[in-house]
Structures are given as structure tokens and as C-alpha cells.
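Chemist: Mind having a look at this structure? Questions to follow.
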Amino acid sequence: MIKKISFLLAFFLLSDVVYSSTGPDVFLKESVEEISQLVTKYKDRFESDEEFLRSKMNSTVMPKLDIKLMSKIILGKKIWTNLSENQKGNFVEAFKYRMTSTYMKSITAFDGEKVIFLPYEPGKRNNIAYVKSKYLIPGGDIAVDYRLIKKSNTWKVYDIIFDGISLMKNYRADFREHVSQNGIDSLISSLKE
């Protein structure tokens with residue numbers, strides 16, 4: 001399951017195009033179409049050149065995520081507000097590094113899988129979106145839902161839910177326990193390993 005989650009996250013996120021004035025469902029659909037083209041173009045190089053793959057992830061994937069918001073959600077208000085500005089910055093960078101390292105290799109597993117996005121229905125707030133999708137993969141379909149936020153006229157993903165399991169909730173439980181037992185600096189160091 002972890003391998004599928006890693007693959008699906010990487011499958012969605014690697015995209016070269018910036019979408020600013022489209023709806024969240026269009027943003028996601030176009031991102032998936034873009035990944036298909038990008039992987040087709042660079043698949044062999046992604047498999048053999050880790051530095052190139054990491055560079056692509058950092059320049060094109062990570063900007064699609066709201067890493068700072070994800071960091072706040074994962075640590076929770078109590079921990080986040082007690083951190084120094086330096087610790088906040090270090091945690092955001094360490095978490096970004098961990099996300100890149102965890103998911104960059106799974107991008108090479110892409111093999112033309114199809115995704116169906118359900119029609120987006122606006123919520124109570126114009127800048128928050130919840131978009132449902134279904135990934136059609138061998139062995140059965142997987143429901144993948146996205147939580148997005150719009151900032152400066154650009155949509156960014158801040159949570160992905162795989163078959164009902166939130167990526168943020170999974171990280172939150174582990175990270176908060178680590179902080180309570182060993183402190184934030186220990187967690188930051190472990191994320192960089």
C-alpha cells in the first residue's frame with residue numbers, strides 16, 4: 001500500500017505547468033496529463049540520474065504543494081506556535097526534503113495509468129477545495145481525494161487522501177509522538193537522514 005501511495009503522489013505532482021486561474025479539478029486533471037508527457041519524455045533519465053530526478057521534483061513538484069501549511073497541520077497549533085522562526089524554517093525544509101526523497105523514485109513506476117476526476121462542487125469558502133478522483137490501476141481502482149487551497153490565485157495541494165487515509169494524519173501521528181519524546185530538533189535531524 002505504501003508503494004502505491006508513493007507512486008500515486010508522485011504521479012500527480014510532477015508537472016511543469018503553472019495553473020493560476022483554473023478550477024481545482026482542472027488544475028488536477030491538467031497536472032495528471034502533464035505528468036504522463038513528462039514521464040514519457042524523461043523516464044529513462046529519471047531511472048538512471050537521481051540528481052536530475054531530484055532537481056525536477058524540487059523545481060516542479062514541490063511548488064505544487066503548500067509545504068508550510070502541511071507543516072503546520074502535521075505539527076499542530078500547539079507545537080507550531082512554540083517553535084522559533086528558525087525551527088519553523090528548518091522543519092519546513094526538512095519535511096520538504098523528506099517528501100522529495102520518499103516520492104521521487106516512485107515516479108519511474110508510471111505506466112500510463114488512467115485517472116477519473118469527479119466534478120468539483122464549490123464549498124463554503126472559495127479558496128478551499130476538495131476534489132475526488134479514482135485511479136484506474138491493475139489490481140483495482142483506488143479512490144484518491146485532494147484538499148487544495150488557493151493562494152495568490154494559484155491552487156496548491158495540502159493533503160491527499162488515499163482510500164480514506166489522509167497523508168497528513170499519517171505523518172501527524174508519527175511526528176507529534178517523536179516531538180513529545182525527543183524534541184523538534186531531533187525530528188528535523190531524522191527527516192534529513
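Labeling convention for the C-alpha cells: chains A, B, ... as they appear, residues from 1 per chain, ligands from 1 in order of appearance.
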Based on the backbone DSSP call, show me all residues of range 79-131 of chain A assigned alpha helix (DSSP H), as a list in words.
Modeler: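 The residues of range 79-131 of chain A classed as alpha helix (DSSP H) are Ile79, Trp80, Thr81, Glu85, Asn86, Gln87, Lys88, Gly89, Asn90, Phe91, Val92, Glu93, Ala94, Phe95, Lys96, Tyr97, Arg98, Met99, Thr100, Ser101, Thr102 and Tyr103 of chain A.
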Chemist: Could you turn the residues from that selection into a file that holds C-alpha atoms, as a JSON list (two decimals), in the first residue's frame?
Modeler:
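Contents of the output file selection-v9.json:
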[["chain", "number", "residue", "atom", "x", "y", "z"],
["A", 79, "ILE", "CA", 3.79, 22.65, 18.74],
["A", 80, "TRP", "CA", 4.00, 25.07, 15.77],
["A", 81, "THR", "CA", 3.40, 28.22, 17.81],
["A", 85, "GLU", "CA", 11.22, 31.09, 13.46],
["A", 86, "ASN", "CA", 14.48, 29.25, 12.82],
["A", 87, "GLN", "CA", 12.97, 25.92, 13.92],
["A", 88, "LYS", "CA", 9.89, 26.51, 11.74],
["A", 89, "GLY", "CA", 12.07, 27.18, 8.71],
["A", 90, "ASN", "CA", 14.28, 24.17, 9.44],
["A", 91, "PHE", "CA", 11.26, 21.90, 9.85],
["A", 92, "VAL", "CA", 9.65, 23.08, 6.60],
["A", 93, "GLU", "CA", 12.90, 22.45, 4.69],
["A", 94, "ALA", "CA", 13.44, 19.05, 6.35],
["A", 95, "PHE", "CA", 9.86, 17.99, 5.63],
["A", 96, "LYS", "CA", 10.23, 19.12, 2.00],
["A", 97, "TYR", "CA", 13.44, 17.07, 1.73],
["A", 98, "ARG", "CA", 11.69, 14.01, 3.17],
["A", 99, "MET", "CA", 8.75, 14.38, 0.76],
["A", 100, "THR", "CA", 11.12, 14.68, -2.18],
["A", 101, "SER", "CA", 13.23, 11.70, -1.11],
["A", 102, "THR", "CA", 10.24, 9.50, -0.37],
["A", 103, "TYR", "CA", 8.39, 10.05, -3.61]]
Chemist: Any chance you could list, as number ranges by chain, the residues in range 102-193 of chain A that come up strand (DSSP E) when DSSP is run on the backbone?
Modeler: A: 114-117, 128-137, 140-151, 154-162, 165-166
Chemist: Could you write those residues out with N, CA and C atoms, as a tab-separated table (two decimals), in the first residue's frame?
Modeler:
chain	number	residue	atom	x	y	z
A	114	LYS	N	-4.73	5.49	-15.83
A	114	LYS	CA	-5.76	6.49	-16.08
A	114	LYS	C	-6.34	7.00	-14.76
A	115	VAL	N	-6.81	8.25	-14.80
A	115	VAL	CA	-7.42	8.87	-13.63
A	115	VAL	C	-8.74	9.51	-14.06
A	116	ILE	N	-9.76	9.29	-13.25
A	116	ILE	CA	-11.06	9.93	-13.46
A	116	ILE	C	-11.28	10.92	-12.33
A	117	PHE	N	-11.51	12.18	-12.68
A	117	PHE	CA	-11.81	13.20	-11.68
A	117	PHE	C	-13.31	13.45	-11.66
A	128	ILE	N	-10.81	27.16	-0.66
A	128	ILE	CA	-10.58	25.78	-0.21
A	128	ILE	C	-11.36	24.84	-1.13
A	129	ALA	N	-10.72	23.75	-1.53
A	129	ALA	CA	-11.39	22.80	-2.42
A	129	ALA	C	-11.12	21.37	-1.97
A	130	TYR	N	-12.09	20.52	-2.27
A	130	TYR	CA	-11.97	19.08	-2.03
A	130	TYR	C	-12.37	18.42	-3.34
A	131	VAL	N	-11.43	17.73	-3.97
A	131	VAL	CA	-11.68	17.12	-5.27
A	131	VAL	C	-11.47	15.61	-5.15
A	132	LYS	N	-12.45	14.84	-5.64
A	132	LYS	CA	-12.37	13.38	-5.61
A	132	LYS	C	-11.92	12.85	-6.96
A	133	SER	N	-11.17	11.75	-6.91
A	133	SER	CA	-10.74	11.10	-8.14
A	133	SER	C	-10.66	9.59	-7.92
A	134	LYS	N	-10.52	8.89	-9.03
A	134	LYS	CA	-10.36	7.44	-8.98
A	134	LYS	C	-9.22	7.07	-9.92
A	135	TYR	N	-8.21	6.41	-9.39
A	135	TYR	CA	-7.07	5.95	-10.18
A	135	TYR	C	-7.36	4.53	-10.63
A	136	LEU	N	-7.33	4.32	-11.94
A	136	LEU	CA	-7.61	3.01	-12.51
A	136	LEU	C	-6.28	2.30	-12.73
A	137	ILE	N	-5.95	1.40	-11.82
A	137	ILE	CA	-4.67	0.70	-11.89
A	137	ILE	C	-4.91	-0.80	-11.89
A	140	GLY	N	-7.18	-3.18	-9.30
A	140	GLY	CA	-8.31	-2.50	-8.67
A	140	GLY	C	-8.14	-1.00	-8.63
A	141	ASP	N	-9.26	-0.31	-8.61
A	141	ASP	CA	-9.25	1.15	-8.56
A	141	ASP	C	-8.93	1.64	-7.16
A	142	ILE	N	-8.35	2.83	-7.09
A	142	ILE	CA	-8.04	3.45	-5.80
A	142	ILE	C	-8.66	4.84	-5.77
A	143	ALA	N	-9.45	5.10	-4.73
A	143	ALA	CA	-10.02	6.44	-4.55
A	143	ALA	C	-8.94	7.35	-3.98
A	144	VAL	N	-8.73	8.49	-4.64
A	144	VAL	CA	-7.74	9.45	-4.19
A	144	VAL	C	-8.43	10.83	-4.20
A	145	ASP	N	-8.48	11.43	-3.03
A	145	ASP	CA	-9.10	12.73	-2.88
A	145	ASP	C	-8.03	13.76	-2.50
A	146	TYR	N	-8.26	14.99	-2.91
A	146	TYR	CA	-7.28	16.05	-2.69
A	146	TYR	C	-7.91	17.21	-1.95
A	147	ARG	N	-7.17	17.75	-1.00
A	147	ARG	CA	-7.54	19.01	-0.36
A	147	ARG	C	-6.59	20.06	-0.91
A	148	LEU	N	-7.17	21.14	-1.40
A	148	LEU	CA	-6.38	22.20	-2.01
A	148	LEU	C	-6.74	23.54	-1.40
A	149	ILE	N	-5.80	24.45	-1.49
A	149	ILE	CA	-6.02	25.81	-1.04
A	149	ILE	C	-5.54	26.75	-2.15
A	150	LYS	N	-6.26	27.84	-2.34
A	150	LYS	CA	-5.90	28.81	-3.36
A	150	LYS	C	-5.27	30.02	-2.69
A	151	LYS	N	-4.02	30.29	-3.07
A	151	LYS	CA	-3.29	31.44	-2.54
A	151	LYS	C	-2.69	32.19	-3.71
A	154	THR	N	-3.40	30.85	-7.15
A	154	THR	CA	-2.81	29.58	-7.54
A	154	THR	C	-3.27	28.48	-6.59
A	155	TRP	N	-3.74	27.36	-7.15
A	155	TRP	CA	-4.12	26.22	-6.31
A	155	TRP	C	-2.89	25.44	-5.89
A	156	LYS	N	-2.90	24.99	-4.63
A	156	LYS	CA	-1.84	24.12	-4.11
A	156	LYS	C	-2.48	23.02	-3.29
A	157	VAL	N	-1.87	21.85	-3.35
A	157	VAL	CA	-2.36	20.70	-2.59
A	157	VAL	C	-1.79	20.75	-1.18
A	158	TYR	N	-2.65	20.50	-0.17
A	158	TYR	CA	-2.14	20.43	1.19
A	158	TYR	C	-2.50	19.12	1.89
A	159	ASP	N	-3.23	18.25	1.23
A	159	ASP	CA	-3.45	16.90	1.76
A	159	ASP	C	-3.94	16.01	0.63
A	160	ILE	N	-3.57	14.75	0.71
A	160	ILE	CA	-4.03	13.75	-0.24
A	160	ILE	C	-4.55	12.58	0.58
A	161	ILE	N	-5.74	12.11	0.21
A	161	ILE	CA	-6.40	11.03	0.95
A	161	ILE	C	-6.49	9.81	0.04
A	162	PHE	N	-5.78	8.74	0.41
A	162	PHE	CA	-5.75	7.51	-0.36
A	162	PHE	C	-6.67	6.49	0.28
A	165	ILE	N	-7.45	7.31	3.71
A	165	ILE	CA	-6.33	7.53	4.63
A	165	ILE	C	-5.61	8.83	4.27
A	166	SER	N	-5.64	9.80	5.17
A	166	SER	CA	-5.02	11.09	4.95
A	166	SER	C	-3.51	11.03	5.13
Chemist: Each residue of range 69-135 of chain A with at least one atom at most 9 Å from range 172-180 of chain A should appear once, together with its nearest atom pair and the corresponding distance in Å (one decimal); atoms considered: only C-alpha atoms; ordering: chain, then increasing residue number; output as a Markdown table.
Modeler:
| residue | atom | partner | partner_atom | distance |
| --- | --- | --- | --- | --- |
| A:Ile73 | CA | A:Arg172 | CA | 7.5 |
| A:Ile74 | CA | A:Arg172 | CA | 4.3 |
| A:Leu75 | CA | A:Arg176 | CA | 6.0 |
| A:Gly76 | CA | A:Arg172 | CA | 7.9 |
| A:Ile79 | CA | A:Arg176 | CA | 8.3 |
Chemist: I need the chosen residues saved as a compact mmCIF listing (two decimals), in the first residue's frame, with C-alpha atoms.
Modeler:
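Result written to out-v4.txt:
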# COMPACT_ATOMS: atom_id res chain seq x y z
CA ILE A 73 -1.12 20.81 10.10
CA ILE A 74 1.26 17.96 10.84
CA LEU A 75 2.79 19.52 13.95
CA GLY A 76 -0.44 21.11 15.17
CA ILE A 79 3.79 22.65 18.74
Chemist: Quick one: distance from CA of Asp25 in chain A to CA of Lys169 in chain A in Å, one decimal?
Modeler: 22.9 Å
Chemist: Please measure the separation of CA of Leu53 in chain A and CA of Val39 in chain A, giving the value in Å to one decimal.
Modeler: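 Result for CA of Leu53 in chain A versus CA of Val39 in chain A: 10.6 Å, one decimal.
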